[in-house]
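K.L.:
Supplied in structure tokens, the structure appears directly below.
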There are 2 protein chains.
Amino acid sequence: MSEVFVARRERLRDRCAAAGNAAAVVSHPANVRYLAGASPHGGVLLLGPREDTLLCAEAPTGQPPEGRLDEALRLRVLTGAGGDPAVAAAGLAVEQGADTLAVEENHLTVARHRALGSVAPRLRLGDVGGAVEQLRLVKDDEELSCLRIAAEITDQALGELLESILVGRTERHLALELERRLVDHGADGAAFPTSVGTGPNSGRGGHRPGDRRVEEGDFLSVGLGATYRGYRCEIGRTFVIGTTPADWQIELYDLVFAAQRAGRETLAPGAEYREVDRAARHVLDSAGYGEGLVEVTGHGVGLEIDEDPQFAAAAMGKLDARVPVTVEPGVHLPGRGGVRIDDTLVVRPEADGGPELLTITTKELLAL
Amino acid sequence: MSEVFVARRERLRDRCAAAGNAAAVVSHPANVRYLAGASPHGGVLLLGPREDTLLCAEAPTGQPPEGRLDEALRLRVLTGAGGDPAVAAAGLAVEQGADTLAVEENHLTVARHRALGSVAPRLRLGDVGGAVEQLRLVKDDEELSCLRIAAEITDQALGELLESILVGRTERHLALELERRLVDHGADGAAFPTSVGTGPNSGRGGHRPGDRRVEEGDFLSVGLGATYRGYRCEIGRTFVIGTTPADWQIELYDLVFAAQRAGRETLAPGAEYREVDRAARHVLDSAGYGEGLVEVTGHGVGLEIDEDPQFAAAAMGKLDARVPVTVEPGVHLPGRGGVRIDDTLVVRPEADGGPELLTITTKELLAL
């Protein structure tokens with residue numbers, strides 16, 4: 001496994017060198033994990049001119065959620081309270097002869113940046129920018145297989161819930177049960193706070209589960225995902241409670257389903273991000289639901305649940321093969337509820353069978 | 001309720017003005033919540049020369065975990081993707097005639113700070129520093145009553161677990177069950193990831209629950225806490241599984257108990273932070289367990305689980321009345337396990353009965 005991390009660090013080192021930086025400090029946890037195999041709490045990675053070092057305030061545990069550290073990496077555990085590993089990393093870069101150091105300006109606070117500058121005043125500080133996030137976009141086989149397992153766990157947890165009695169139970173309880181089932185099936189934990197919305201709360205993306213109980217005739221929306229070895233996926237489904245859905249429910253469901261399918265069908269290497277958004281949005285727009293839609297109809301997933309790319313009207317860029325994304329349009333009618341359908345898929349060329357659907361729970365409108 | 005938030009903002013405004021800043025942007029979620037009653041995702045608070053405004057990218061939901069927004073506050077929901085509420089706040093400050101603006105350098109990233117500077121190049125940017133965190137140190141009646149309820153919920157969840165069969169269950173399951181019980185009893189959620197350590201894992205502060213099952217003769221350590229209306233508390237207890245604890249278990253337990261009591265007994269207005277640490281640490285040191293102890297034996301709690309003060313050897317400062325803190329020494333013997341005992345207490349003067357213990361679960365060594 002070590003070669004993978006060495007190669008990733010080499011690619012980042014090349015990018016930093018091209019921008020005139022002799023060394024780099026990576027502090028964003030998901031980026032540290034991508035490059036070092038693990039992200040111990042507060043740990044910071046120095047790509048030094050001579051040696052790469054992971055600096056942290058406590059010894060790594062090697063357990064989820066932090067992952068297993070690349071053994072080829074030098075580890076330095078700082079002793080004494082209050083030491084900032086990023087500041088120590090800057091000192092180490094100077095010791096190794098660096099005169100320039102790139103930092104993650106998107107993640108490092110102003111105060112830490114200042115501390116770093118004052119410990120090594122002759123060091124010229126540059127910006128790593130989104131370089132690690134860009135490296136993380138296209139996933140390798142190992143990463144994709146973690147995502148597949150995460151999706152399998154997610155489908156299992158959701159499938160079991162559907163077999164249980166739902167009427168009378170609160171959103172909060174259903175969400176907790178889903179999270180327990182994720183862990184039962186081997187997840188490190190939930191990829192994001194599980195969302196369960198019933199009745200008027202259904203169809204809202206990030207709805208926080210509350211005390212409302214499931215009633216006959218409700219729409220029930222769930223959004224959940226497992227984390228497996230750090231990789232996070234996402235599924236969203238909407239069901240109807242009772243024997244027969246009402247006409248408005250069937251219509252709304254069919255519409256959101258059509259929008260989600262339209263979005264999925266655009267997924268291909270070379271497709272523009274905004275094209276995916278436009279395809280899904282157009283279906284809802286044409287039916288008169290354009291107002292009040294959320295601004296993003298999908299996004300990348302990986303070590304974070306919300307990564308690049310973003311499927312939005314103003315998003316710039318084109319999809320590559322091996323990029324895992326969500327497609328998740330939804331419509332929420334205030335006071336009545338709504339529908340959200342969300343899948344995680346991997347972009348693949350048509351020749352390889354097109355987009356690979358990871359979350360395979362049925363998208364038929366089930367009446368539970 | 002609104003007066004509370006208005007008064008808190010007034011105090012912060014005075015501090016900023018004293019430092020020469022006409023306006024302030026607060027972006028750290030716990031600080032936003034303290035001053036505005038709620039912290040919608042990504043929301044930023046502007047204390048303007050003319051008016052205070054909460055800016056956010058999405059409309060607040062008013063549900064846990066974000067809280068309920070102070071109605072006296074102006075709300076501005078930004079439309080269009082990609083807008084940074086902190087940058088919009090700086091623009092608004094300029095519109096209101098501010099020429100200086102304090103930001104939270106401890107929390108704001110370098111990239112956002114730069115964006116803020118470039119949207120309003122004539123605005124002189126200052127630093128809020130830890131001003132809001134300082135205001136948050138001493139709690140009012142409302143805050144203390146939330147903490148009391150959080151502690152009550154925590155005690156209930158733990159008490160129920162103790163009545164159930166433990167042998168054969170995994171750390172992971174016990175942790176999930178505790179979190180479910182917290183929510184059952186009315187918590188917004190867990191205050192921090194619940195820690196359950198069995199056998200060799202017992203006694204380690206932040207141990208992440210794994211697949212190890214509880215066995216006869218084990219030490220079992222749990223660390224958990226509820227969040228209630230945003231306020232977080234913490235309890236830690238260690239038990240023995242089986243009928244009779246071994247001699248080494250009794251000795252180690254008595255020692256950690258004595259250390260924790262020594263720490264608790266120093267809690268009083270005017271006591272130095274490091275004095276609390278020293279009192280607890282001294283007991284363990286004298287018994288030969290000084291090596292390998294964690295560097296902090298307790299900390300403040302409130303809207304965050306780890307706030308000021310810190311009880312550590314190098315900590316500077318003195319306790320005030322109405323400051324809620326934890327006292328949580330522990331000893332972990334590699335390969336064998338250990339003991340950690342953790343309470344949340346509120347500092348009170350001797351005349352008012354001394355420190356108020358919020359987490360009242362027994363600290364006798366229970367054999368379960």
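If you're wondering about the labels, chains in the structure tokens are A, B, ... by order shown, residues count from 1 in each chain, ligands from 1 in order shown.
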Might you pull out every residue within 8 Å of region 7-19 of chain B, with only C-alpha atoms counted and same-chain residues fewer than 6 positions away left off, and present them as a list in words?
P.N.:
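These residues fall inside the cut-off: Tyr34, Leu35, Leu47, Ala102, Val128, Ala131, Val132 and Leu135 of chain B.
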K.L.:
List as JSON lines every residue of chain B that is in contact with chain A, defined as an atom at most 8 Å from one of its atoms (using only C-alpha atoms), together with the nearest atom pair and the distance in Å rounded to one decimal, sorted by chain and then rising number.
P.N.:
```
{"residue": "B:Gln63", "atom": "CA", "partner": "A:Arg208", "partner_atom": "CA", "distance": 7.2}
{"residue": "B:Pro64", "atom": "CA", "partner": "A:Arg208", "partner_atom": "CA", "distance": 7.3}
{"residue": "B:Gly80", "atom": "CA", "partner": "A:Glu295", "partner_atom": "CA", "distance": 7.6}
{"residue": "B:Ala81", "atom": "CA", "partner": "A:Glu295", "partner_atom": "CA", "distance": 6.5}
{"residue": "B:Glu105", "atom": "CA", "partner": "A:Val110", "partner_atom": "CA", "distance": 4.9}
{"residue": "B:Asn106", "atom": "CA", "partner": "A:Ala111", "partner_atom": "CA", "distance": 5.0}
{"residue": "B:His107", "atom": "CA", "partner": "A:Thr109", "partner_atom": "CA", "distance": 5.5}
{"residue": "B:Leu108", "atom": "CA", "partner": "A:Thr109", "partner_atom": "CA", "distance": 5.2}
{"residue": "B:Thr109", "atom": "CA", "partner": "A:Thr109", "partner_atom": "CA", "distance": 4.0}
{"residue": "B:Val110", "atom": "CA", "partner": "A:Glu105", "partner_atom": "CA", "distance": 4.9}
{"residue": "B:Ala111", "atom": "CA", "partner": "A:Asn106", "partner_atom": "CA", "distance": 5.0}
{"residue": "B:Arg112", "atom": "CA", "partner": "A:Asn106", "partner_atom": "CA", "distance": 7.3}
{"residue": "B:His113", "atom": "CA", "partner": "A:Val110", "partner_atom": "CA", "distance": 7.2}
{"residue": "B:Arg172", "atom": "CA", "partner": "A:Val183", "partner_atom": "CA", "distance": 7.9}
{"residue": "B:Leu176", "atom": "CA", "partner": "A:Arg180", "partner_atom": "CA", "distance": 6.5}
{"residue": "B:Arg180", "atom": "CA", "partner": "A:Leu176", "partner_atom": "CA", "distance": 6.5}
{"residue": "B:Val183", "atom": "CA", "partner": "A:Arg172", "partner_atom": "CA", "distance": 7.9}
{"residue": "B:Arg208", "atom": "CA", "partner": "A:Gln63", "partner_atom": "CA", "distance": 7.3}
{"residue": "B:Glu295", "atom": "CA", "partner": "A:Ala81", "partner_atom": "CA", "distance": 6.4}
{"residue": "B:Ala312", "atom": "CA", "partner": "A:Ala81", "partner_atom": "CA", "distance": 8.0}
{"residue": "B:Ala314", "atom": "CA", "partner": "A:Ala81", "partner_atom": "CA", "distance": 7.7}
```
K.L.:
Residues of the last selection are to be written out with C-alpha atoms, as an mmCIF file, in the first residue's frame.
P.N.:
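Heads up, here's the output in again08.cif:
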```cif
data_model
loop_
_atom_site.group_PDB
_atom_site.id
_atom_site.type_symbol
_atom_site.label_atom_id
_atom_site.label_comp_id
_atom_site.auth_asym_id
_atom_site.auth_seq_id
_atom_site.Cartn_x
_atom_site.Cartn_y
_atom_site.Cartn_z
ATOM 1 C CA GLN B 63 -34.190 22.963 14.459
ATOM 2 C CA PRO B 64 -31.477 21.259 16.460
ATOM 3 C CA GLY B 80 -26.809 32.482 -5.922
ATOM 4 C CA ALA B 81 -24.272 29.735 -5.385
ATOM 5 C CA GLU B 105 -8.408 35.185 12.913
ATOM 6 C CA ASN B 106 -8.473 32.044 15.066
ATOM 7 C CA HIS B 107 -11.194 30.581 12.877
ATOM 8 C CA LEU B 108 -11.229 32.343 9.500
ATOM 9 C CA THR B 109 -9.105 30.726 6.796
ATOM 10 C CA VAL B 110 -6.362 32.624 4.988
ATOM 11 C CA ALA B 111 -8.291 32.309 1.702
ATOM 12 C CA ARG B 112 -11.502 33.772 3.128
ATOM 13 C CA HIS B 113 -9.577 36.532 4.870
ATOM 14 C CA ARG B 172 -19.327 -0.354 19.210
ATOM 15 C CA LEU B 176 -24.475 3.151 19.804
ATOM 16 C CA ARG B 180 -29.695 6.127 21.185
ATOM 17 C CA VAL B 183 -31.683 10.925 22.139
ATOM 18 C CA ARG B 208 -12.898 4.822 19.629
ATOM 19 C CA GLU B 295 -1.581 16.638 29.349
ATOM 20 C CA ALA B 312 -2.845 21.748 32.341
ATOM 21 C CA ALA B 314 1.204 25.472 31.693
#
```
K.L.:
Identify, on the basis of only C-alpha atoms, every residue whose closest approach to region 277-287 of chain B does not exceed 6 Å; exclude the query and any residue fewer than 3 positions from it along the same chain; express the result as a list of chain:residue names.
P.N.:
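Final neighbour list, sorted by chain and number: B:Ala259, B:Gln260, B:Ala262, B:Gly263, B:Arg274, B:Gly290, B:Thr297, B:Phe311, B:Ala312.
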K.L.:
Residues of the last selection are to be written out with C-alpha atoms, as a JSON list (two decimals), in the first residue's frame.
P.N.:
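As written to disk, again_32.json reads:
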```json
[["chain", "number", "residue", "atom", "x", "y", "z"],
["B", 259, "ALA", "CA", -6.90, 11.99, 42.00],
["B", 260, "GLN", "CA", -10.25, 13.01, 40.59],
["B", 262, "ALA", "CA", -8.36, 16.05, 44.66],
["B", 263, "GLY", "CA", -8.99, 17.90, 41.39],
["B", 274, "ARG", "CA", -2.92, 24.80, 36.80],
["B", 290, "GLY", "CA", 3.28, 10.25, 36.37],
["B", 297, "THR", "CA", -6.94, 16.78, 33.32],
["B", 311, "PHE", "CA", -6.49, 22.28, 33.27],
["B", 312, "ALA", "CA", -2.84, 21.75, 32.34]]
```
K.L.:
Looking at B:Gly199, B:Gly236, B:Gly91, B:Gly302, which one is nearest to Val119 (chain B), with distances taken over only C-alpha atoms?
P.N.:
B:Gly91
K.L.:
Which residues are close to Lys318 (chain A), i.e. within 8 Å by only C-alpha atoms, leaving aside same-chain residues fewer than 2 positions away? Reply as a PyMOL selection string.
P.N.:
chain A and resi 269-273+316+320
